[in-house]
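A.B. asks: Okay, so here is input_36.cif, and as you'll see once you scroll down, it has mmCIF, C-alpha atoms.
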```cif
data_structure
#
loop_
_atom_site.label_atom_id
_atom_site.label_comp_id
_atom_site.auth_asym_id
_atom_site.auth_seq_id
_atom_site.Cartn_x
_atom_site.Cartn_y
_atom_site.Cartn_z
CA MET A 1 52.58 32.35 54.52
CA THR A 2 55.57 33.00 52.32
CA PRO A 3 55.66 31.67 48.74
CA PHE A 4 58.23 29.00 49.60
CA LEU A 5 56.06 27.72 52.42
CA ILE A 6 53.04 27.51 50.12
CA ILE A 7 55.03 25.55 47.51
CA PHE A 8 56.34 23.27 50.24
CA CYS A 9 52.85 22.59 51.60
CA VAL A 10 51.46 21.75 48.15
CA LEU A 11 54.40 19.44 47.38
CA ALA A 12 54.17 17.77 50.79
CA ALA A 13 50.43 17.18 50.35
CA ILE A 14 51.06 15.56 46.95
CA THR A 15 53.90 13.44 48.35
CA LEU A 16 51.99 12.14 51.35
CA SER A 17 48.69 11.51 49.55
CA THR A 18 50.30 9.63 46.67
CA ALA A 19 52.41 7.61 49.11
CA PHE A 20 49.23 6.61 50.96
CA LEU A 21 47.50 5.77 47.68
CA THR A 22 50.50 3.61 46.69
CA VAL A 23 49.96 1.51 49.77
CA PHE A 24 46.17 1.39 49.60
CA THR A 25 45.41 0.94 45.89
CA LYS A 26 44.49 -2.61 44.99
CA ASN A 27 45.74 -2.61 41.41
CA PRO A 28 49.58 -2.83 41.37
CA ILE A 29 49.83 -0.81 38.14
CA HIS A 30 47.93 2.10 39.70
CA SER A 31 50.21 1.77 42.73
CA ALA A 32 53.27 2.10 40.50
CA ILE A 33 51.87 5.19 38.80
CA TYR A 34 51.09 6.84 42.14
CA LEU A 35 54.65 6.01 43.18
CA VAL A 36 55.96 7.83 40.08
CA ILE A 37 53.99 10.94 41.08
CA CYS A 38 55.38 10.62 44.62
CA PHE A 39 58.95 10.47 43.26
CA PHE A 40 58.35 13.51 41.06
CA SER A 41 57.11 15.53 44.01
CA ILE A 42 60.19 14.49 46.00
CA ALA A 43 62.31 15.77 43.11
CA GLY A 44 60.35 19.01 43.52
CA HIS A 45 61.42 19.11 47.16
CA TYR A 46 65.04 18.73 46.06
CA LEU A 47 64.60 21.60 43.61
CA LEU A 48 63.07 23.69 46.38
CA LEU A 49 66.20 23.07 48.47
CA ASN A 50 68.24 24.28 45.46
CA SER A 51 69.99 20.97 44.78
CA GLN A 52 69.38 20.86 41.05
CA PHE A 53 71.77 18.06 40.10
CA LEU A 54 70.32 15.73 42.71
CA ALA A 55 66.79 16.44 41.50
CA VAL A 56 67.69 15.51 37.92
CA VAL A 57 69.53 12.36 39.03
CA HIS A 58 66.55 11.43 41.21
CA ILE A 59 64.15 11.76 38.29
CA ILE A 60 66.42 9.71 36.01
CA VAL A 61 67.14 6.94 38.50
CA TYR A 62 63.84 6.61 40.35
CA SER A 63 61.13 7.81 37.99
CA GLY A 64 63.01 6.44 35.00
CA ALA A 65 64.94 3.29 35.75
CA ILE A 66 63.38 1.89 38.89
CA MET A 67 59.77 2.52 37.91
CA ILE A 68 60.32 0.99 34.45
CA LEU A 69 61.68 -2.09 36.22
CA PHE A 70 58.61 -2.22 38.48
CA LEU A 71 56.15 -1.79 35.62
CA PHE A 72 57.88 -4.40 33.47
CA THR A 73 57.86 -6.88 36.33
CA ILE A 74 54.19 -6.27 37.07
CA MET A 75 53.31 -6.76 33.42
CA LEU A 76 55.59 -9.80 33.10
CA MET A 77 53.85 -11.53 35.98
CA ASN A 78 50.41 -10.44 34.77
CA LEU A 79 49.52 -9.10 38.21
CA ASN A 80 47.03 -6.61 36.88
CA LYS A 81 44.28 -7.97 39.11
CA GLU A 82 42.41 -6.60 42.05
CA ASN A 83 41.54 -9.80 43.88
CA GLU A 84 44.28 -9.70 46.51
CA VAL A 85 43.35 -11.30 49.82
CA HIS A 86 43.73 -9.06 52.86
CA LYS A 87 45.97 -9.89 55.76
CA PRO A 88 44.22 -11.05 58.95
CA ARG A 89 42.52 -8.29 60.88
CA VAL A 90 44.92 -8.49 63.84
CA THR A 91 47.90 -7.91 61.55
CA ARG A 92 46.25 -4.93 59.85
CA LEU A 93 45.36 -3.39 63.23
CA GLY A 94 48.93 -3.97 64.37
CA ALA A 95 50.21 -2.25 61.23
CA ILE A 96 48.06 0.82 61.93
CA VAL A 97 49.18 0.95 65.58
CA LEU A 98 52.81 0.60 64.52
CA PHE A 99 52.36 3.41 61.99
CA GLY A 100 51.21 5.74 64.76
CA LEU A 101 53.93 4.61 67.13
CA THR A 102 56.72 5.06 64.56
CA CYS A 103 55.45 8.57 63.77
CA ALA A 104 55.21 9.56 67.45
CA ILE A 105 58.58 8.15 68.47
CA LEU A 106 60.53 9.56 65.53
CA ILE A 107 58.93 13.00 65.80
CA ALA A 108 59.58 13.13 69.55
CA LEU A 109 63.17 12.05 68.95
CA PHE A 110 63.83 14.68 66.30
CA VAL A 111 62.07 17.51 68.13
CA ASN A 112 64.11 16.85 71.24
CA SER A 113 67.37 16.84 69.28
CA LYS A 114 67.06 20.54 68.46
CA PRO A 115 69.90 21.66 70.81
CA ILE A 116 72.33 19.17 69.19
CA MET A 117 71.48 20.24 65.63
CA GLY A 118 72.64 23.81 66.08
CA GLU A 119 71.19 26.85 64.37
CA TYR A 120 70.75 27.35 60.66
CA ASP A 121 72.74 30.20 59.17
CA ALA A 122 72.65 30.89 55.45
CA THR A 123 76.11 32.07 54.50
CA GLY A 124 75.28 32.29 50.82
CA GLU A 125 78.22 30.02 50.07
CA ASP A 126 77.88 27.79 47.02
CA PHE A 127 78.04 24.19 48.13
CA GLN A 128 75.66 22.24 45.92
CA SER A 129 76.39 23.13 42.33
CA ILE A 130 77.62 20.35 40.05
CA ASN A 131 81.11 21.82 40.25
CA LYS A 132 81.37 21.54 44.03
CA LEU A 133 79.61 18.18 44.18
CA GLY A 134 81.96 16.72 41.57
CA ASN A 135 84.97 17.93 43.51
CA VAL A 136 83.76 16.34 46.73
CA LEU A 137 82.70 13.13 44.99
CA LEU A 138 85.94 12.58 43.08
CA ASN A 139 88.39 13.78 45.74
CA GLU A 140 87.17 12.77 49.19
CA TYR A 141 84.87 9.96 48.12
CA MET A 142 86.91 8.47 45.29
CA VAL A 143 87.16 4.95 46.74
CA PRO A 144 83.46 4.57 47.65
CA PHE A 145 82.64 5.91 44.18
CA GLU A 146 84.64 3.11 42.56
CA PHE A 147 83.13 0.55 44.91
CA ALA A 148 79.68 1.68 43.83
CA SER A 149 80.54 0.65 40.29
CA ILE A 150 81.64 -2.79 41.54
CA LEU A 151 78.36 -3.04 43.44
CA LEU A 152 76.37 -2.26 40.29
CA LEU A 153 78.38 -4.82 38.28
CA VAL A 154 77.76 -7.52 40.89
CA ALA A 155 74.06 -6.61 41.02
CA MET A 156 73.86 -6.91 37.23
CA ILE A 157 75.49 -10.35 37.20
CA GLY A 158 73.29 -11.49 40.08
CA THR A 159 70.13 -10.29 38.35
CA VAL A 160 70.98 -12.11 35.13
CA LEU A 161 71.79 -15.29 37.03
CA LEU A 162 68.65 -15.15 39.16
CA SER A 163 66.22 -14.43 36.39
CA LYS A 164 67.65 -16.97 33.94
CA LYS A 165 65.35 -19.88 33.31
CA GLU A 166 66.64 -23.02 34.95
CA LYS A 167 66.81 -26.23 33.00
CA ILE A 168 64.80 -29.06 34.47
CA GLN A 169 67.33 -31.62 35.64
CA LYS A 170 66.39 -35.23 35.34
CA MET B 1 67.11 30.95 47.39
CA ASN B 2 69.58 30.89 50.23
CA ASN B 3 67.11 31.57 52.99
CA VAL B 4 64.66 28.89 51.88
CA LEU B 5 65.09 26.95 55.11
CA ASN B 6 64.50 30.12 57.10
CA GLN B 7 61.14 30.45 55.42
CA ILE B 8 60.08 26.81 55.56
CA GLY B 9 61.79 25.58 58.70
CA ILE B 10 63.71 22.35 59.14
CA GLU B 11 60.90 21.03 61.38
CA ASN B 12 58.52 20.79 58.45
CA TYR B 13 61.00 18.68 56.52
CA ILE B 14 61.51 16.45 59.55
CA PHE B 15 57.75 15.93 59.94
CA LEU B 16 57.36 15.18 56.22
CA ALA B 17 60.23 12.67 56.20
CA VAL B 18 59.03 10.96 59.38
CA ILE B 19 55.47 10.57 58.08
CA LEU B 20 56.77 9.31 54.73
CA PHE B 21 58.98 6.76 56.50
CA SER B 22 56.05 5.62 58.64
CA ILE B 23 53.91 5.18 55.53
CA GLY B 24 56.65 2.90 54.20
CA VAL B 25 56.69 0.85 57.41
CA PHE B 26 52.89 0.67 57.29
CA GLY B 27 52.93 -0.55 53.69
CA VAL B 28 55.44 -3.29 54.44
CA LEU B 29 53.25 -4.60 57.26
CA TYR B 30 49.85 -4.03 55.67
CA ARG B 31 50.04 -5.56 52.21
CA ARG B 32 50.55 -9.14 51.06
CA ASN B 33 51.62 -8.33 47.51
CA ALA B 34 55.42 -8.51 47.45
CA ILE B 35 55.72 -5.82 44.77
CA ILE B 36 53.85 -3.31 46.94
CA VAL B 37 56.16 -4.25 49.81
CA PHE B 38 59.10 -3.36 47.54
CA MET B 39 57.50 -0.04 46.66
CA SER B 40 57.08 0.70 50.38
CA ILE B 41 60.77 0.03 50.90
CA GLU B 42 61.50 2.54 48.14
CA ILE B 43 59.29 5.09 49.92
CA MET B 44 61.28 4.56 53.12
CA LEU B 45 64.60 5.03 51.29
CA ASN B 46 63.28 8.23 49.75
CA ALA B 47 62.19 9.61 53.11
CA VAL B 48 65.71 9.16 54.44
CA ASN B 49 67.21 10.72 51.29
CA LEU B 50 64.93 13.73 51.67
CA LEU B 51 66.09 14.22 55.25
CA PHE B 52 69.72 13.91 54.12
CA VAL B 53 69.27 16.68 51.55
CA ALA B 54 67.40 18.91 54.01
CA PHE B 55 70.17 18.63 56.58
CA SER B 56 72.82 19.04 53.91
CA THR B 57 71.26 22.42 53.17
CA TYR B 58 70.88 23.13 56.88
CA HIS B 59 74.57 22.64 57.56
CA GLN B 60 75.73 24.08 54.20
CA ASP B 61 77.66 20.90 53.50
CA ALA B 62 77.87 18.90 50.27
CA GLN B 63 78.67 15.58 51.91
CA GLY B 64 75.03 14.81 52.69
CA GLN B 65 74.19 15.03 49.01
CA VAL B 66 77.13 12.78 48.09
CA PHE B 67 75.77 10.22 50.53
CA VAL B 68 72.40 10.43 48.77
CA PHE B 69 74.13 9.49 45.49
CA PHE B 70 75.54 6.35 47.07
CA SER B 71 72.22 5.45 48.61
CA MET B 72 70.59 5.85 45.17
CA ALA B 73 73.14 3.45 43.66
CA VAL B 74 72.47 0.93 46.41
CA ALA B 75 68.70 1.34 45.93
CA ALA B 76 69.00 0.70 42.20
CA ALA B 77 71.04 -2.46 42.80
CA GLU B 78 68.62 -3.60 45.49
CA VAL B 79 65.57 -3.16 43.29
CA ALA B 80 67.15 -5.03 40.37
CA VAL B 81 68.15 -8.03 42.49
CA GLY B 82 64.90 -8.01 44.46
CA LEU B 83 62.72 -7.99 41.38
CA ALA B 84 64.79 -10.82 39.88
CA ILE B 85 64.16 -12.83 43.05
CA LEU B 86 60.44 -12.01 42.78
CA VAL B 87 60.37 -13.22 39.18
CA SER B 88 61.96 -16.53 40.13
CA ILE B 89 59.56 -16.89 43.09
CA PHE B 90 56.68 -16.29 40.71
CA ARG B 91 58.03 -18.95 38.34
CA ASN B 92 58.23 -21.52 41.12
CA LEU B 93 55.08 -20.78 43.11
CA GLY B 94 52.75 -19.06 40.65
CA SER B 95 52.05 -16.14 42.98
CA ILE B 96 53.98 -13.48 44.92
CA ASP B 97 51.80 -13.46 48.01
CA ILE B 98 54.34 -13.18 50.83
CA ASP B 99 52.09 -15.09 53.21
CA ASN B 100 52.56 -18.16 51.01
CA LEU B 101 56.30 -18.18 51.57
CA LYS B 102 56.23 -20.28 54.70
CA ASN B 103 58.47 -23.16 53.68
CA LEU B 104 61.13 -22.34 56.26
CA LYS B 105 58.60 -22.07 59.08
CA GLY B 106 58.67 -25.82 59.68
#
```
Once you've parsed the file, please lay out its structure as structure tokens.

C.D. replies:
Amino acid sequence: MTPFLIIFCVLAAITLSTAFLTVFTKNPIHSAIYLVICFFSIAGHYLLLNSQFLAVVHIIVYSGAIMILFLFTIMLMNLNKENEVHKPRVTRLGAIVLFGLTCAILIALFVNSKPIMGEYDATGEDFQSINKLGNVLLNEYMVPFEFASILLLVAMIGTVLLSKKEKIQK
Amino acid sequence: MNNVLNQIGIENYIFLAVILFSIGVFGVLYRRNAIIVFMSIEIMLNAVNLLFVAFSTYHQDAQGQVFVFFSMAVAAAEVAVGLAILVSIFRNLGSIDIDNLKNLKG
């Protein structure tokens, strides 16, 4: 067991357990908080892979913006209750079976794709500092970058329109 | 830090991402609360992002990480619009139980 492997195992255990708790907890607020812990541990994975900028952006976007949105919505709708009705038993059993099947199929698919992936060789070349990422983002991916801003603008307008209170027409 | 994937192994990242994705699928099918369904979708998106970053390191290529930025932007837009739709559903129906949304079933 090398130190990196130990850190990875701890982070993976936190990620998977909090993801399970997100799905299983009855209270939506507790779910949201478990999801925040899950996102933080994923940011830890990014740090472990030495992509610092992505880890910081992940924390800002997911743990900051998206989770605040979730929590505000939960509190706005006053959903802080634990009396949710379960789905029918057949559906729940089907969900569990599908969970196992998805796991098995995807793992089999990825394990068998080993010859296509090629071998990993660490050249020590710097490819994920902010400097390099900015160059790639603003040279090769300039047009998609601008389209992302249009997407965010459209999403903002759509959100305002959707959540505006409608007047009762008579 | 350069040999981190030699020590951990890409397989472990693949297993982690696959199980995380399956948890997301499970949550979408298992729960009736629409907000939890949204959270499960976020878990699925994050599993894919994690695999992107792992393979970006594996191939020593920055383009995988750039793709993760775009997918984060799309996820943020998706969550904002989706939660606005949930709020308007809640205003009209008084609950966000997805099994109650059967109006189009006929």

A.B. asks: Please produce, as JSON lines, a per-residue contact table for chain A versus chain B (criterion: any atom at most 7 Å away, only C-alpha atoms considered), showing the nearest atom pair and its distance in Å to one decimal, sorted by chain then residue number.

C.D. replies:
```
{"residue": "A:Thr2", "atom": "CA", "partner": "B:Gln7", "partner_atom": "CA", "distance": 6.9}
{"residue": "A:Phe4", "atom": "CA", "partner": "B:Ile8", "partner_atom": "CA", "distance": 6.6}
{"residue": "A:Leu5", "atom": "CA", "partner": "B:Ile8", "partner_atom": "CA", "distance": 5.2}
{"residue": "A:Ala12", "atom": "CA", "partner": "B:Leu16", "partner_atom": "CA", "distance": 6.8}
{"residue": "A:Leu16", "atom": "CA", "partner": "B:Leu20", "partner_atom": "CA", "distance": 6.5}
{"residue": "A:Phe20", "atom": "CA", "partner": "B:Ile23", "partner_atom": "CA", "distance": 6.7}
{"residue": "A:Val23", "atom": "CA", "partner": "B:Gly27", "partner_atom": "CA", "distance": 5.3}
{"residue": "A:Leu49", "atom": "CA", "partner": "B:Val4", "partner_atom": "CA", "distance": 6.9}
{"residue": "A:Ile66", "atom": "CA", "partner": "B:Ala76", "partner_atom": "CA", "distance": 6.6}
{"residue": "A:Lys87", "atom": "CA", "partner": "B:Arg32", "partner_atom": "CA", "distance": 6.6}
{"residue": "A:Arg92", "atom": "CA", "partner": "B:Tyr30", "partner_atom": "CA", "distance": 5.6}
{"residue": "A:Ala95", "atom": "CA", "partner": "B:Leu29", "partner_atom": "CA", "distance": 5.5}
{"residue": "A:Ile96", "atom": "CA", "partner": "B:Phe26", "partner_atom": "CA", "distance": 6.7}
{"residue": "A:Phe99", "atom": "CA", "partner": "B:Ser22", "partner_atom": "CA", "distance": 5.5}
{"residue": "A:Thr102", "atom": "CA", "partner": "B:Ser22", "partner_atom": "CA", "distance": 6.0}
{"residue": "A:Cys103", "atom": "CA", "partner": "B:Ser22", "partner_atom": "CA", "distance": 5.9}
{"residue": "A:Leu106", "atom": "CA", "partner": "B:Val18", "partner_atom": "CA", "distance": 6.5}
{"residue": "A:Ile107", "atom": "CA", "partner": "B:Phe15", "partner_atom": "CA", "distance": 6.7}
{"residue": "A:Tyr120", "atom": "CA", "partner": "B:Tyr58", "partner_atom": "CA", "distance": 5.7}
{"residue": "A:Ala122", "atom": "CA", "partner": "B:Asn2", "partner_atom": "CA", "distance": 6.1}
{"residue": "A:Gly124", "atom": "CA", "partner": "B:Asn2", "partner_atom": "CA", "distance": 5.9}
{"residue": "A:Phe127", "atom": "CA", "partner": "B:Ala62", "partner_atom": "CA", "distance": 5.7}
{"residue": "A:Gln128", "atom": "CA", "partner": "B:Ala62", "partner_atom": "CA", "distance": 5.9}
{"residue": "A:Leu133", "atom": "CA", "partner": "B:Ala62", "partner_atom": "CA", "distance": 6.4}
{"residue": "A:Leu137", "atom": "CA", "partner": "B:Val66", "partner_atom": "CA", "distance": 6.4}
{"residue": "A:Ala148", "atom": "CA", "partner": "B:Ala73", "partner_atom": "CA", "distance": 6.8}
{"residue": "A:Leu152", "atom": "CA", "partner": "B:Ala77", "partner_atom": "CA", "distance": 5.9}
{"residue": "A:Ala155", "atom": "CA", "partner": "B:Ala77", "partner_atom": "CA", "distance": 5.4}
{"residue": "A:Gly158", "atom": "CA", "partner": "B:Val81", "partner_atom": "CA", "distance": 6.6}
{"residue": "A:Thr159", "atom": "CA", "partner": "B:Val81", "partner_atom": "CA", "distance": 5.1}
{"residue": "A:Leu162", "atom": "CA", "partner": "B:Ala84", "partner_atom": "CA", "distance": 5.8}
{"residue": "A:Ser163", "atom": "CA", "partner": "B:Ala84", "partner_atom": "CA", "distance": 5.2}
```

A.B. asks: Which of these, A:Ser113, A:Ile59, A:Ile42, A:Ala13, has the shortest distance to Val48 (chain B) once you count all atoms listed in the file?

C.D. replies: A:Ile42

A.B. asks: Would you give the centre and edge lengths, in Å to one decimal, of a box along x, y and z around the listed atoms of region 9-24 of chain A, with 5 Å added to each side, as AutoDock Vina command-line options?

C.D. replies:
```
--center_x 50.3 --center_y 12.0 --center_z 49.1 --size_x 18.2 --size_y 31.2 --size_z 14.9
```

A.B. asks: Just to confirm, what's the straight-line distance from CA of Met75 (chain A) to CA of Pro28 (chain A) in Å (one decimal)?

C.D. replies: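 Going from CA of Met75 (chain A) over to CA of Pro28 (chain A) covers 9.6 Å.
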
A.B. asks: I'd like the interatomic distance between CA of Gln52 (chain A) and CA of Ile130 (chain A), to a tenth of an Å.

C.D. replies: 8.3 Å

A.B. asks: Give me, please, the distance in Å between CA of Ile7 (chain A) and CA of Glu119 (chain A), quoted to one decimal.

C.D. replies: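 So the two atoms, CA of Ile7 (chain A) and CA of Glu119 (chain A), lie 23.4 Å apart.
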
A.B. asks: Determine the residue set returned by the PyMOL selection byres ((chain A and resi 43) around 12) for the present structure, and present it as a ChimeraX atom specification.

C.D. replies: /A:8,11-12,14-15,36-42,44-63 /B:46-47,49-50,53

A.B. asks: Do you know which residues lie at most 12 Å from (46.0, -3.3, 41.1), with coordinates as in the file and all atoms listed in the file counted, and could you write them as number ranges by chain?

C.D. replies: A: 21-34, 71, 74-75, 78-84; B: 33, 35-36

A.B. asks: Return the single residue from A:Ile6, A:Leu35, A:Val143, A:Met117 that is closest to Thr18 (chain A), with distances computed using only C-alpha atoms.

C.D. replies: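 Under the stated criterion, the closest residue is A:Leu35.
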